[in-house]
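What follows is the content of target-v9.txt, which has compact mmCIF, C-alpha atoms and all ligand atoms:
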# COMPACT_ATOMS: atom_id res chain seq x y z
CA MET F 1 17.82 -8.86 -17.95
CA LYS F 2 14.74 -10.87 -17.11
CA ILE F 3 12.51 -9.62 -14.29
CA LEU F 4 9.50 -11.25 -12.67
CA VAL F 5 7.01 -9.01 -10.85
CA VAL F 6 4.67 -10.85 -8.47
CA GLY F 7 1.16 -9.42 -8.11
CA ALA F 8 -1.87 -8.44 -10.15
CA GLY F 9 -2.97 -4.86 -9.55
CA GLY F 10 -2.47 -1.24 -10.52
CA ARG F 11 0.56 -1.05 -8.25
CA GLU F 12 2.26 -3.87 -10.14
CA HIS F 13 1.36 -2.23 -13.47
CA ALA F 14 3.03 1.00 -12.31
CA ILE F 15 6.17 -0.87 -11.17
CA ILE F 16 6.38 -2.70 -14.51
CA LYS F 17 5.96 0.43 -16.62
CA LYS F 18 8.68 2.16 -14.61
CA LEU F 19 11.13 -0.77 -14.78
CA LYS F 20 10.64 -0.94 -18.54
CA GLU F 21 12.15 2.54 -18.90
CA ASN F 22 15.57 0.97 -18.27
CA PRO F 23 17.16 -0.30 -21.50
CA ARG F 24 18.90 -3.11 -19.57
CA VAL F 25 15.51 -4.76 -19.12
CA ASP F 26 14.90 -7.27 -21.92
CA ALA F 27 11.84 -9.07 -20.65
CA ILE F 28 9.32 -8.56 -17.85
CA TYR F 29 7.03 -11.29 -16.59
CA CYS F 30 4.13 -10.81 -14.20
CA ALA F 31 2.48 -13.47 -12.04
CA PRO F 32 -0.45 -13.52 -12.34
CA GLY F 33 -0.87 -9.98 -13.83
CA ASN F 34 -4.08 -8.81 -15.50
CA GLY F 35 -5.50 -7.81 -18.89
CA GLY F 36 -3.76 -4.43 -19.04
CA ILE F 37 -0.47 -5.68 -17.65
CA ALA F 38 -0.46 -8.25 -20.49
CA LYS F 39 0.26 -5.34 -22.88
CA ASP F 40 3.44 -4.46 -20.96
CA ALA F 41 4.65 -7.82 -19.63
CA GLN F 42 4.27 -11.51 -20.22
CA CYS F 43 1.64 -12.73 -17.77
CA VAL F 44 2.23 -16.10 -16.12
CA ASN F 45 -0.73 -17.90 -14.64
CA ILE F 46 0.62 -18.46 -11.11
CA LYS F 47 -1.12 -17.02 -8.06
CA ALA F 48 0.87 -14.61 -5.86
CA THR F 49 0.43 -16.99 -2.91
CA ASP F 50 1.65 -20.12 -4.74
CA LEU F 51 5.19 -19.78 -3.42
CA ASP F 52 6.52 -23.12 -4.66
CA SER F 53 5.40 -22.54 -8.24
CA LEU F 54 6.70 -18.95 -8.23
CA ALA F 55 10.13 -20.01 -6.97
CA ALA F 56 10.27 -22.90 -9.46
CA PHE F 57 9.29 -20.60 -12.33
CA ALA F 58 11.88 -17.97 -11.35
CA GLN F 59 14.55 -20.66 -11.17
CA ASP F 60 13.61 -22.51 -14.38
CA GLU F 61 13.31 -19.29 -16.37
CA LYS F 62 16.52 -17.89 -14.86
CA MET F 63 15.10 -14.61 -13.61
CA ASP F 64 17.74 -12.00 -12.81
CA LEU F 65 15.42 -10.25 -10.38
CA VAL F 66 12.05 -10.95 -8.75
CA VAL F 67 10.06 -8.01 -7.36
CA VAL F 68 7.50 -9.17 -4.80
CA ALA F 69 4.78 -6.52 -4.51
CA PRO F 70 1.79 -7.84 -2.44
CA ASP F 71 1.70 -8.42 1.32
CA ASP F 72 0.74 -12.13 1.43
CA PRO F 73 3.74 -13.64 -0.40
CA LEU F 74 6.07 -11.35 1.58
CA VAL F 75 4.54 -12.36 4.90
CA LEU F 76 4.62 -16.03 3.81
CA GLY F 77 8.37 -15.74 3.08
CA LEU F 78 8.70 -15.74 -0.71
CA VAL F 79 11.78 -13.53 -0.64
CA ASP F 80 13.60 -15.93 1.74
CA MET F 81 12.67 -18.85 -0.50
CA LEU F 82 14.00 -17.10 -3.61
CA LYS F 83 17.24 -16.05 -1.92
CA GLU F 84 17.81 -19.63 -0.68
CA ARG F 85 17.71 -20.65 -4.33
CA GLY F 86 20.20 -17.95 -5.29
CA ILE F 87 17.65 -15.70 -6.98
CA ARG F 88 17.88 -11.93 -6.44
CA ALA F 89 14.70 -10.57 -4.95
CA PHE F 90 13.36 -7.16 -4.00
CA GLY F 91 11.28 -7.21 -0.83
CA PRO F 92 11.65 -7.86 2.90
CA SER F 93 12.35 -11.24 4.50
CA LYS F 94 9.58 -13.12 6.28
CA LEU F 95 10.85 -11.88 9.64
CA ALA F 96 10.99 -8.26 8.48
CA ALA F 97 7.53 -8.51 6.86
CA ARG F 98 6.07 -9.04 10.35
CA ILE F 99 6.06 -5.25 10.57
CA GLU F 100 2.85 -5.51 8.50
CA GLY F 101 1.93 -9.15 9.10
CA SER F 102 1.50 -8.69 12.85
CA LYS F 103 0.09 -5.50 14.32
CA VAL F 104 1.18 -6.76 17.75
CA PHE F 105 4.78 -7.05 16.50
CA ALA F 106 4.62 -3.52 15.03
CA LYS F 107 3.13 -1.99 18.19
CA GLU F 108 5.63 -3.71 20.49
CA LEU F 109 8.49 -2.56 18.26
CA MET F 110 7.29 1.05 18.46
CA LYS F 111 6.84 0.86 22.22
CA LYS F 112 10.29 -0.64 22.77
CA TYR F 113 12.05 1.94 20.58
CA ASN F 114 9.95 5.00 21.52
CA ILE F 115 8.53 5.50 18.05
CA PRO F 116 5.41 7.72 18.33
CA THR F 117 2.15 5.80 17.83
CA ALA F 118 -1.31 5.49 19.39
CA LYS F 119 -1.44 4.06 22.94
CA TYR F 120 -2.63 0.45 22.91
CA GLU F 121 -3.36 -2.83 24.66
CA VAL F 122 -3.06 -6.35 23.23
CA PHE F 123 -5.64 -9.07 23.94
CA THR F 124 -5.35 -12.79 23.31
CA ASN F 125 -8.88 -13.70 24.37
CA SER F 126 -12.23 -12.02 23.95
CA LYS F 127 -13.13 -12.12 27.67
CA ASP F 128 -10.22 -9.85 28.61
CA ALA F 129 -10.92 -7.58 25.63
CA MET F 130 -14.59 -7.29 26.64
CA ARG F 131 -13.65 -6.55 30.25
CA TYR F 132 -11.31 -3.80 28.99
CA ILE F 133 -13.97 -2.05 26.92
CA GLU F 134 -16.40 -2.24 29.85
CA ARG F 135 -13.94 -0.14 31.84
CA GLU F 136 -12.89 2.26 29.06
CA ASP F 137 -14.77 5.46 28.42
CA SER F 138 -12.84 7.05 25.59
CA PHE F 139 -14.68 6.64 22.31
CA PRO F 140 -14.15 6.30 19.41
CA MET F 141 -11.95 3.30 20.12
CA VAL F 142 -9.87 1.58 17.42
CA ILE F 143 -9.90 -2.22 17.23
CA LYS F 144 -7.44 -4.04 14.97
CA ALA F 145 -7.04 -7.70 14.11
CA ASP F 146 -3.42 -8.76 14.56
CA GLY F 147 -2.85 -10.37 11.16
CA LEU F 148 -3.57 -9.61 7.52
CA ALA F 149 -7.24 -9.04 6.71
CA LEU F 150 -7.38 -7.76 3.13
CA GLY F 151 -7.16 -4.21 4.44
CA LYS F 152 -10.40 -4.65 6.41
CA GLY F 153 -9.01 -5.53 9.83
CA VAL F 154 -9.45 -2.07 11.40
CA MET F 155 -12.71 -1.09 13.06
CA ILE F 156 -13.40 2.31 14.54
CA ALA F 157 -16.03 1.82 17.23
CA GLN F 158 -18.10 4.87 18.19
CA THR F 159 -19.85 3.12 21.08
CA ARG F 160 -19.21 0.33 23.58
CA GLN F 161 -21.72 -1.83 21.71
CA GLU F 162 -19.85 -1.38 18.40
CA ALA F 163 -16.58 -2.23 20.13
CA ALA F 164 -18.11 -5.38 21.63
CA ASN F 165 -19.47 -6.40 18.21
CA ALA F 166 -16.06 -5.89 16.60
CA ILE F 167 -14.32 -8.00 19.22
CA HIS F 168 -16.93 -10.70 18.94
CA SER F 169 -16.70 -10.89 15.15
CA MET F 170 -12.88 -10.90 15.14
CA MET F 171 -12.16 -13.18 18.10
CA GLU F 172 -15.21 -15.45 18.30
CA ASP F 173 -16.67 -15.57 14.78
CA ARG F 174 -13.17 -15.31 13.33
CA ILE F 175 -14.29 -13.25 10.31
CA PHE F 176 -10.59 -12.75 9.49
CA GLY F 177 -9.60 -16.32 10.37
CA SER F 178 -6.52 -16.73 12.55
CA SER F 179 -5.68 -13.02 12.00
CA GLY F 180 -8.21 -12.36 14.78
CA SER F 181 -6.63 -14.65 17.37
CA ARG F 182 -5.12 -11.53 18.89
CA VAL F 183 -6.46 -7.97 18.75
CA VAL F 184 -4.95 -4.57 19.42
CA ILE F 185 -7.22 -1.95 20.97
CA GLU F 186 -5.82 1.52 20.55
CA GLU F 187 -6.39 5.18 21.11
CA PHE F 188 -8.18 7.13 18.36
CA LEU F 189 -5.90 9.71 16.77
CA THR F 190 -6.89 12.76 14.74
CA GLY F 191 -5.19 14.88 12.11
CA PRO F 192 -4.37 14.72 8.40
CA GLU F 193 -3.08 11.36 7.16
CA VAL F 194 0.07 11.10 5.07
CA SER F 195 1.50 8.04 3.34
CA VAL F 196 5.26 7.85 2.92
CA LEU F 197 6.84 4.97 1.01
CA ALA F 198 10.56 4.56 1.60
CA PHE F 199 13.34 2.51 0.09
CA CYS F 200 15.23 0.76 2.89
CA ASP F 201 18.35 -1.35 2.48
CA GLY F 202 18.48 -2.52 6.09
CA LYS F 203 20.66 0.42 7.18
CA THR F 204 19.71 3.45 5.12
CA VAL F 205 16.22 4.81 4.55
CA LYS F 206 15.35 6.99 1.55
CA PRO F 207 11.78 8.31 1.70
CA MET F 208 9.94 8.77 -1.57
CA LEU F 209 7.58 11.61 -2.41
CA SER F 210 4.73 11.78 0.13
CA SER F 211 1.18 10.94 -0.90
CA MET F 212 -2.43 10.99 0.29
CA ASP F 213 -4.86 8.10 -0.07
CA HIS F 214 -8.67 8.37 -0.10
CA LYS F 215 -9.88 5.19 1.57
CA ARG F 216 -13.65 5.65 1.77
CA ALA F 217 -15.83 4.54 -1.12
CA LEU F 218 -17.93 7.71 -1.52
CA ASP F 219 -17.46 11.47 -1.94
CA GLY F 220 -16.93 13.46 1.25
CA ASP F 221 -15.22 10.46 2.87
CA GLU F 222 -18.55 8.69 3.28
CA GLY F 223 -19.23 5.00 2.83
CA LEU F 224 -17.14 1.95 3.58
CA ASN F 225 -13.37 1.63 3.75
CA THR F 226 -11.82 0.38 0.51
CA GLY F 227 -8.33 -0.50 -0.67
CA GLY F 228 -8.09 3.15 -1.83
CA MET F 229 -10.21 5.17 -4.29
CA GLY F 230 -7.59 7.70 -5.35
CA THR F 231 -4.30 9.30 -4.45
CA ILE F 232 -2.30 12.47 -4.91
CA ALA F 233 1.42 13.15 -4.61
CA PRO F 234 3.02 15.06 -3.06
CA ASN F 235 0.78 15.46 0.00
CA PRO F 236 0.43 19.23 0.69
CA CYS F 237 0.02 18.62 4.46
CA TYR F 238 3.50 17.16 4.60
CA THR F 239 5.73 20.22 5.01
CA PRO F 240 9.55 20.04 4.88
CA ALA F 241 9.59 20.59 8.66
CA LEU F 242 7.28 17.59 9.20
CA ALA F 243 9.40 15.51 6.83
CA GLN F 244 12.46 16.34 8.91
CA GLU F 245 10.68 15.45 12.12
CA CYS F 246 9.43 12.13 10.70
CA MET F 247 12.94 11.24 9.58
CA LYS F 248 14.25 11.86 13.07
CA THR F 249 11.47 10.38 15.20
CA ILE F 250 10.02 7.68 12.93
CA PHE F 251 11.90 6.63 9.77
CA LYS F 252 15.44 6.27 11.10
CA PRO F 253 14.37 4.81 14.47
CA THR F 254 12.22 2.20 12.68
CA VAL F 255 15.04 1.05 10.42
CA GLU F 256 17.44 0.93 13.39
CA ALA F 257 14.90 -0.94 15.48
CA MET F 258 14.46 -3.61 12.81
CA GLN F 259 18.25 -3.96 12.57
CA LYS F 260 18.56 -4.33 16.34
CA GLU F 261 15.79 -6.93 16.40
CA GLY F 262 17.82 -9.04 13.95
CA CYS F 263 15.44 -8.53 11.03
CA PRO F 264 16.78 -5.62 8.97
CA PHE F 265 14.16 -4.29 6.57
CA GLN F 266 15.18 -4.40 2.90
CA GLY F 267 12.60 -3.32 0.36
CA CYS F 268 9.86 -0.70 0.31
CA LEU F 269 8.58 0.24 3.75
CA TYR F 270 5.25 2.07 3.87
CA PHE F 271 4.68 4.49 6.73
CA GLY F 272 0.99 5.28 7.31
CA LEU F 273 1.23 8.47 9.37
CA MET F 274 -1.11 10.83 11.14
CA MET F 275 -0.08 14.44 11.74
CA THR F 276 -1.68 14.74 15.20
CA PRO F 277 -1.72 17.91 17.32
CA LYS F 278 1.07 16.22 19.31
CA GLY F 279 3.23 15.59 16.24
CA PRO F 280 3.47 12.85 13.63
CA LYS F 281 2.52 9.34 14.76
CA VAL F 282 2.51 5.95 13.04
CA ILE F 283 -0.94 4.55 12.23
CA GLU F 284 0.41 1.49 10.47
CA TYR F 285 3.38 0.03 8.67
CA ASN F 286 3.12 -1.92 5.44
CA CYS F 287 6.00 -4.06 4.20
CA ARG F 288 5.45 -3.13 0.54
CA PHE F 289 4.52 -0.47 -1.97
CA GLY F 290 1.03 0.98 -1.36
CA ASP F 291 -1.79 0.64 -3.83
CA PRO F 292 -2.80 3.19 -5.22
CA GLU F 293 0.05 5.29 -3.71
CA THR F 294 2.60 3.70 -6.05
CA GLN F 295 0.59 4.85 -9.07
CA VAL F 296 1.21 8.52 -8.15
CA VAL F 297 4.68 8.21 -6.61
CA LEU F 298 6.61 6.19 -9.21
CA PRO F 299 5.61 8.39 -12.19
CA MET F 300 7.33 11.29 -10.38
CA LEU F 301 10.58 9.35 -9.94
CA LYS F 302 13.43 10.72 -12.06
CA THR F 303 16.14 8.27 -10.90
CA ASP F 304 16.06 4.84 -12.53
CA LEU F 305 13.95 2.41 -10.47
CA LEU F 306 16.05 -0.65 -11.28
CA THR F 307 19.19 1.14 -10.07
CA ILE F 308 17.43 1.94 -6.79
CA MET F 309 16.19 -1.63 -6.37
CA ASP F 310 19.72 -2.91 -6.98
CA ALA F 311 21.10 -0.51 -4.37
CA THR F 312 18.41 -1.63 -1.92
CA ILE F 313 19.42 -5.27 -2.36
CA ASP F 314 23.17 -4.52 -2.32
CA GLN F 315 22.87 -2.17 0.69
CA THR F 316 24.36 0.82 -1.13
CA LEU F 317 21.42 3.22 -0.86
CA ASP F 318 23.59 5.67 1.09
CA GLN F 319 25.58 6.27 -2.10
CA LEU F 320 22.55 7.08 -4.23
CA ASP F 321 20.79 10.41 -4.74
CA ILE F 322 17.15 9.83 -5.56
CA GLU F 323 15.54 12.61 -7.58
CA TRP F 324 11.90 13.54 -8.04
CA GLU F 325 10.04 15.64 -10.57
CA THR F 326 8.44 18.86 -9.43
CA GLY F 327 4.70 19.31 -9.92
CA ALA F 328 2.07 16.82 -8.88
CA CYS F 329 0.47 13.53 -9.81
CA ALA F 330 -3.12 12.40 -9.25
CA CYS F 331 -4.84 9.03 -9.55
CA VAL F 332 -8.58 8.43 -9.67
CA ILE F 333 -9.76 4.84 -9.36
CA ALA F 334 -12.60 3.58 -11.55
CA ALA F 335 -14.32 0.86 -9.53
CA SER F 336 -17.15 -1.58 -10.12
CA GLY F 337 -20.48 -0.30 -8.74
CA GLY F 338 -21.05 -1.96 -5.36
CA TYR F 339 -17.35 -2.23 -4.44
CA PRO F 340 -16.13 -2.83 -1.69
CA GLN F 341 -19.18 -5.05 -1.19
CA SER F 342 -20.58 -7.31 -3.89
CA TYR F 343 -20.39 -6.21 -7.53
CA LYS F 344 -20.81 -7.68 -10.99
CA THR F 345 -17.95 -8.16 -13.45
CA GLY F 346 -17.51 -9.01 -17.13
CA PHE F 347 -18.52 -5.59 -18.50
CA ALA F 348 -16.77 -4.23 -21.60
CA ILE F 349 -14.62 -1.14 -20.97
CA SER F 350 -14.80 1.61 -23.58
CA GLY F 351 -12.91 4.84 -24.11
CA LEU F 352 -9.41 3.63 -23.23
CA ASP F 353 -8.00 4.84 -26.56
CA GLU F 354 -9.66 8.26 -26.30
CA MET F 355 -8.40 8.58 -22.75
CA GLY F 356 -4.88 7.98 -24.03
CA GLN F 357 -5.16 11.26 -25.98
CA VAL F 358 -5.18 13.33 -22.79
CA PRO F 359 -1.59 14.57 -22.47
CA GLY F 360 0.25 13.31 -19.40
CA ALA F 361 -2.36 10.62 -18.66
CA THR F 362 -1.49 6.99 -17.98
CA ILE F 363 -3.84 4.20 -17.15
CA TYR F 364 -2.88 1.45 -14.72
CA HIS F 365 -5.00 -1.66 -14.88
CA ALA F 366 -6.14 -3.31 -11.65
CA GLY F 367 -9.16 -5.55 -12.28
CA THR F 368 -9.29 -6.10 -16.03
CA ARG F 369 -9.01 -9.06 -18.35
CA LEU F 370 -8.58 -9.34 -22.10
CA GLU F 371 -11.42 -11.24 -23.77
CA ASN F 372 -11.23 -11.54 -27.60
CA GLY F 373 -9.08 -8.44 -27.79
CA GLU F 374 -11.50 -6.43 -25.63
CA PHE F 375 -10.88 -5.23 -22.07
CA GLN F 376 -13.48 -6.36 -19.55
CA THR F 377 -13.91 -5.67 -15.84
CA CYS F 378 -12.96 -8.51 -13.49
CA GLY F 379 -12.43 -6.92 -10.07
CA GLY F 380 -13.57 -4.29 -7.59
CA ARG F 381 -10.99 -1.69 -8.42
CA VAL F 382 -10.79 -1.78 -12.22
CA LEU F 383 -8.53 1.04 -13.45
CA GLY F 384 -6.37 3.82 -12.04
CA VAL F 385 -6.37 6.94 -14.18
CA CYS F 386 -3.17 8.84 -13.41
CA THR F 387 -2.08 12.25 -14.62
CA LYS F 388 0.82 14.56 -14.00
CA GLY F 389 0.64 18.34 -13.98
CA ASN F 390 2.67 21.38 -13.03
CA ASP F 391 0.54 21.60 -9.92
CA LEU F 392 -2.13 19.57 -8.16
CA THR F 393 -5.05 21.55 -9.64
CA THR F 394 -3.84 20.84 -13.18
CA ALA F 395 -3.10 17.18 -12.46
CA LEU F 396 -6.61 16.70 -11.01
CA GLU F 397 -8.33 18.53 -13.90
CA LYS F 398 -6.58 16.24 -16.35
CA ALA F 399 -7.38 13.12 -14.32
CA TYR F 400 -11.08 13.95 -14.34
CA GLU F 401 -10.99 14.85 -18.05
CA ALA F 402 -9.36 11.47 -18.75
CA ILE F 403 -11.67 9.37 -16.59
CA GLY F 404 -14.65 11.13 -18.19
CA LYS F 405 -13.78 9.39 -21.46
CA ILE F 406 -13.92 5.91 -19.94
CA SER F 407 -17.04 3.94 -19.28
CA PHE F 408 -18.32 0.51 -18.31
CA GLU F 409 -21.61 -0.59 -16.84
CA ASN F 410 -22.00 0.43 -13.17
CA MET F 411 -18.68 2.32 -13.20
CA HIS F 412 -18.16 4.26 -9.98
CA TYR F 413 -15.51 6.80 -9.00
CA ARG F 414 -15.06 9.55 -6.46
CA HIS F 415 -15.41 13.12 -7.71
CA ASP F 416 -13.49 14.77 -4.88
CA ILE F 417 -10.03 13.22 -4.96
CA GLY F 418 -7.55 15.86 -3.79
CA HIS F 419 -10.24 18.40 -2.85
CA ARG F 420 -9.48 18.45 0.85
CA ALA F 421 -5.77 18.76 0.09
CA LEU F 422 -6.42 21.76 -2.17
CA MET F 423 -8.57 23.41 0.48
CA SER F 424 -5.96 22.94 3.17
CA LYS F 425 -3.36 24.81 1.14
P1 LIG N 501 -5.44 0.47 8.05
O1 LIG N 501 -6.33 -0.65 7.58
O2 LIG N 501 -4.47 0.08 9.10
O3 LIG N 501 -4.87 1.22 6.88
O4 LIG N 501 -6.41 1.51 8.74
C1 LIG N 501 -7.47 2.04 8.03
C2 LIG N 501 -7.76 3.44 8.46
O5 LIG N 501 -8.23 3.46 9.79
C3 LIG N 501 -6.53 4.36 8.50
O6 LIG N 501 -6.21 4.88 7.25
C4 LIG N 501 -7.01 5.43 9.45
O7 LIG N 501 -7.81 6.37 8.76
C5 LIG N 501 -7.88 4.68 10.41
N1 LIG N 501 -7.15 4.42 11.65
C6 LIG N 501 -6.36 3.37 11.96
N2 LIG N 501 -5.86 3.50 13.21
C7 LIG N 501 -6.35 4.65 13.71
C8 LIG N 501 -6.21 5.34 14.96
N3 LIG N 501 -5.46 4.86 15.95
N4 LIG N 501 -6.86 6.51 15.10
C9 LIG N 501 -7.63 7.01 14.10
N5 LIG N 501 -7.81 6.41 12.93
C10 LIG N 501 -7.18 5.25 12.72
N1 LIG N 502 -3.46 2.22 -0.01
C1 LIG N 502 -3.19 1.58 1.21
C2 LIG N 502 -2.41 0.33 1.12
O1 LIG N 502 -1.78 0.02 0.13
O2 LIG N 502 -2.38 -0.40 2.10
Reformat the file's structure so that it appears as structure tokens.
Ligand code: AMP
Ligand code: GLY
Amino acid sequence: MKILVVGAGGREHAIIKKLKENPRVDAIYCAPGNGGIAKDAQCVNIKATDLDSLAAFAQDEKMDLVVVAPDDPLVLGLVDMLKERGIRAFGPSKLAARIEGSKVFAKELMKKYNIPTAKYEVFTNSKDAMRYIEREDSFPMVIKADGLALGKGVMIAQTRQEAANAIHSMMEDRIFGSSGSRVVIEEFLTGPEVSVLAFCDGKTVKPMLSSMDHKRALDGDEGLNTGGMGTIAPNPCYTPALAQECMKTIFKPTVEAMQKEGCPFQGCLYFGLMMTPKGPKVIEYNCRFGDPETQVVLPMLKTDLLTIMDATIDQTLDQLDIEWETGACACVIAASGGYPQSYKTGFAISGLDEMGQVPGATIYHAGTRLENGEFQTCGGRVLGVCTKGNDLTTALEKAYEAIGKISFENMHYRHDIGHRALMSK
């Protein structure tokens, strides 16, 4: 079997390593991949948004399966394009990917099908949005650009002035381009956040192990929002009772809603949830595996990933039992100093071999390149150091032991991944 994985980060590295466990897999390609992925797959120099070249490559090289991991090619319709050419692909159609690609679509879906989420209003021009915030008195207020914005399209305004600035920069200055042509203004929710990735075949939904992301750049949840600085799985806040409630009020209704809207969701659906005092509510949907959630969830998967992907495509998930390891998994991200703002790259990374000696540790590469046989930094998030343990404390101890062996100039990581989760237990 020949498989192409589209994408270039730690998430893609984790998917590739897992798929390789299946002996049916002869060759894995990754477009465009990165320095570390090049050790596990053949990297192909095609950008994840170059749909024509990706489809042509998959066809010419006779791929048996293409796994599309990032949001942009999904929202642009790569899966539809591949299927039109008779190529098997894992990921939602362009219409189904709107669940992430348009916040307005997602909010209207939830309203129509009574799926619990924050109360909201949609605005198509800044005058109306400004008039609304003049009248509103409940702060903080959450302002979201409708379209994709590299994970930066959410602003939490503490004051009317901050809200006005956010609207101005999204709708007038267009800092996120056309993604800011519409905005959603919504109620601020509180409570622990839980990420749940789920395999969906259009009819059946099979949630994976829950996880917890750490989005802020600095310890104590200070600093700017990032793509994610670390994760743990499972998420201790997510009790079996909450899981049952989410299945009933959120997961199943979402899959049914997408079916009824004529765009059944097939692929990995990411539920960003908040456990509010009034019960679990949806903060956001993503139409793909999360990064760095995937790096802690997939290592805990006992059932073969390729078998699950096949069942997702063939709509036979209802016949499959998906099993998970007990214990816990932790991931600490090593980032370039300065991330998520400007940072320098091109620094040599040392200690990767020593780190490999820590039992149960795996390293997923995100922003690395191979230069004369040496790994160098080439992105904001550079590496994800992931470790499994019998419990969360052990997994975290090992993760910090492992990351302690790695260094590059200006390396930055959070020292408190999982701390809040441990305290809440
Ligand atoms: P997103 O970019 O959609 O992942 O949102 C980034 C972060 O903003 C989320 O992880 C939440 O912590 C926060 N957030 C988004 N919507 C809300 C909301 N309605 N209430 C409180 N926090 C929110
Ligand atoms: N870690 C959050 C995301 O993948 O969107």
(message) Just checking: using only C-alpha atoms, which residue out of F:Thr124, F:Trp324, F:Met309, F:Lys281 ends up closest to Ser210 in chain F?
(response) F:Trp324
(message) Give me, as a PyMOL selection string, the set of residues whose atoms come within 9 Å of any atom of ligand LIG 501 (chain N), counting only C-alpha atoms and all ligand atoms.
(response) chain F and resi 103+117-120+140-144+149-156+185-191+193+213-215+225-227+272-274+282-286
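Residue nearest ligand LIG 502 (chain N) within the list F:Tyr132, F:Tyr270, F:Tyr364, F:Tyr400: F:Tyr270 [criterion: smallest interatomic distance, only C-alpha atoms and all ligand atoms].
For Gly267 in chain F, the set of protein, DNA and RNA residues having any atom at most 8 Å away, when counting all atoms listed in the file and skipping those fewer than 2 positions along the same chain, is Phe90, Gly91, Pro92, Phe199, Cys200, Asp201, Phe265, Leu269, Cys287, Arg288, Met309, Thr312 and Ile313 of chain F.
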(request) Find, counting all atoms listed in the file, the residue in F:Lys398, F:Lys203, F:His419, F:Arg216 that gets nearest to ligand LIG 502 (chain N). (result) F:Arg216
To box ligand LIG 502 (chain N), take all atoms listed in the file, fit an axis-aligned box, add 5 Å on each side, and give centre and edge lengths in Å to one decimal, as AutoDock Vina command-line options.
--center_x -2.6 --center_y 0.9 --center_z 1.0 --size_x 11.7 --size_y 12.6 --size_z 12.1
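Excluding Gln319 in chain F itself and same-chain residues fewer than 4 positions from it, the residues having an atom within 12 Å of it are Asp201, Thr204, Val205, Lys206, Thr307, Ile308, Asp310, Ala311, Thr312, Asp314 and Gln315 of chain F, counting only C-alpha atoms.
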Serialized selection, C-alpha atoms, as a short mmCIF file (atom, residue, chain, number, x, y, z; two decimals), keeping the file's coordinate frame:
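The file below, result31.cif, is the result:
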data_model
loop_
_atom_site.label_atom_id
_atom_site.label_comp_id
_atom_site.auth_asym_id
_atom_site.auth_seq_id
_atom_site.Cartn_x
_atom_site.Cartn_y
_atom_site.Cartn_z
CA ASP F 201 18.35 -1.35 2.48
CA THR F 204 19.71 3.45 5.12
CA VAL F 205 16.22 4.81 4.55
CA LYS F 206 15.35 6.99 1.55
CA THR F 307 19.19 1.14 -10.07
CA ILE F 308 17.43 1.94 -6.79
CA ASP F 310 19.72 -2.91 -6.98
CA ALA F 311 21.10 -0.51 -4.37
CA THR F 312 18.41 -1.63 -1.92
CA ASP F 314 23.17 -4.52 -2.32
CA GLN F 315 22.87 -2.17 0.69
#
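With distances restricted to all atoms listed in the file, F:Glu293 is the closest residue to ligand LIG 502 (chain N) from F:Glu323, F:Glu293, F:Asp318, F:Asp416.
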(message) Env of Leu242 in chain F: 12 Å cut, atoms = all atoms listed in the file, seq-sep filter 3 positions within chain, self excluded. Answer as a ChimeraX atom specification.
(response) /F:194,196,210,235-239,245-251,273-276,278-281
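The two atoms in question, CA of His412 in chain F and CA of Phe176 in chain F, are spaced 26.9 Å apart.
Atom pair CA of Glu409 in chain F / CA of Phe347 in chain F has a distance of 6.1 Å (rounded to one decimal).
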(request) Using all atoms listed in the file, determine which residues lie at most 8 Å from Ile167 in chain F, disregarding the query and same-chain residues fewer than 6 positions distant; provide the list as an MDAnalysis selection string. (result) chainID F and resid 126 129:130 143 183
How would the residues just chosen look if you wrote them out with C-alpha atoms as a short mmCIF file (atom, residue, chain, number, x, y, z; two decimals), in the frame of the given file?
data_model
loop_
_atom_site.label_atom_id
_atom_site.label_comp_id
_atom_site.auth_asym_id
_atom_site.auth_seq_id
_atom_site.Cartn_x
_atom_site.Cartn_y
_atom_site.Cartn_z
CA SER F 126 -12.23 -12.02 23.95
CA ALA F 129 -10.92 -7.58 25.63
CA MET F 130 -14.59 -7.29 26.64
CA ILE F 143 -9.90 -2.22 17.23
CA VAL F 183 -6.46 -7.97 18.75
#
(request) Figure out the distance between CA of Met258 in chain F and CA of Met212 in chain F, please, to one decimal in Å. (result) 25.6 Å
(request) Could you check which of F:Phe123, F:Phe57, F:Phe105, F:Tyr113 is closest to Thr254 in chain F, using all atoms listed in the file? (result) F:Tyr113
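Summary of the local environment: counting all atoms listed in the file, residues at most 10 Å from Glu354 in chain F, other than itself and those fewer than 4 positions away along its chain, are Ser350, Val358, Ala402, Ile403, Gly404, Lys405 and Ile406 of chain F.
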(request) Between F:Asn45, F:Gln259, F:Thr316, F:Gln266, single out the one closest to Asp80 in chain F, counting only C-alpha atoms. (result) F:Gln266
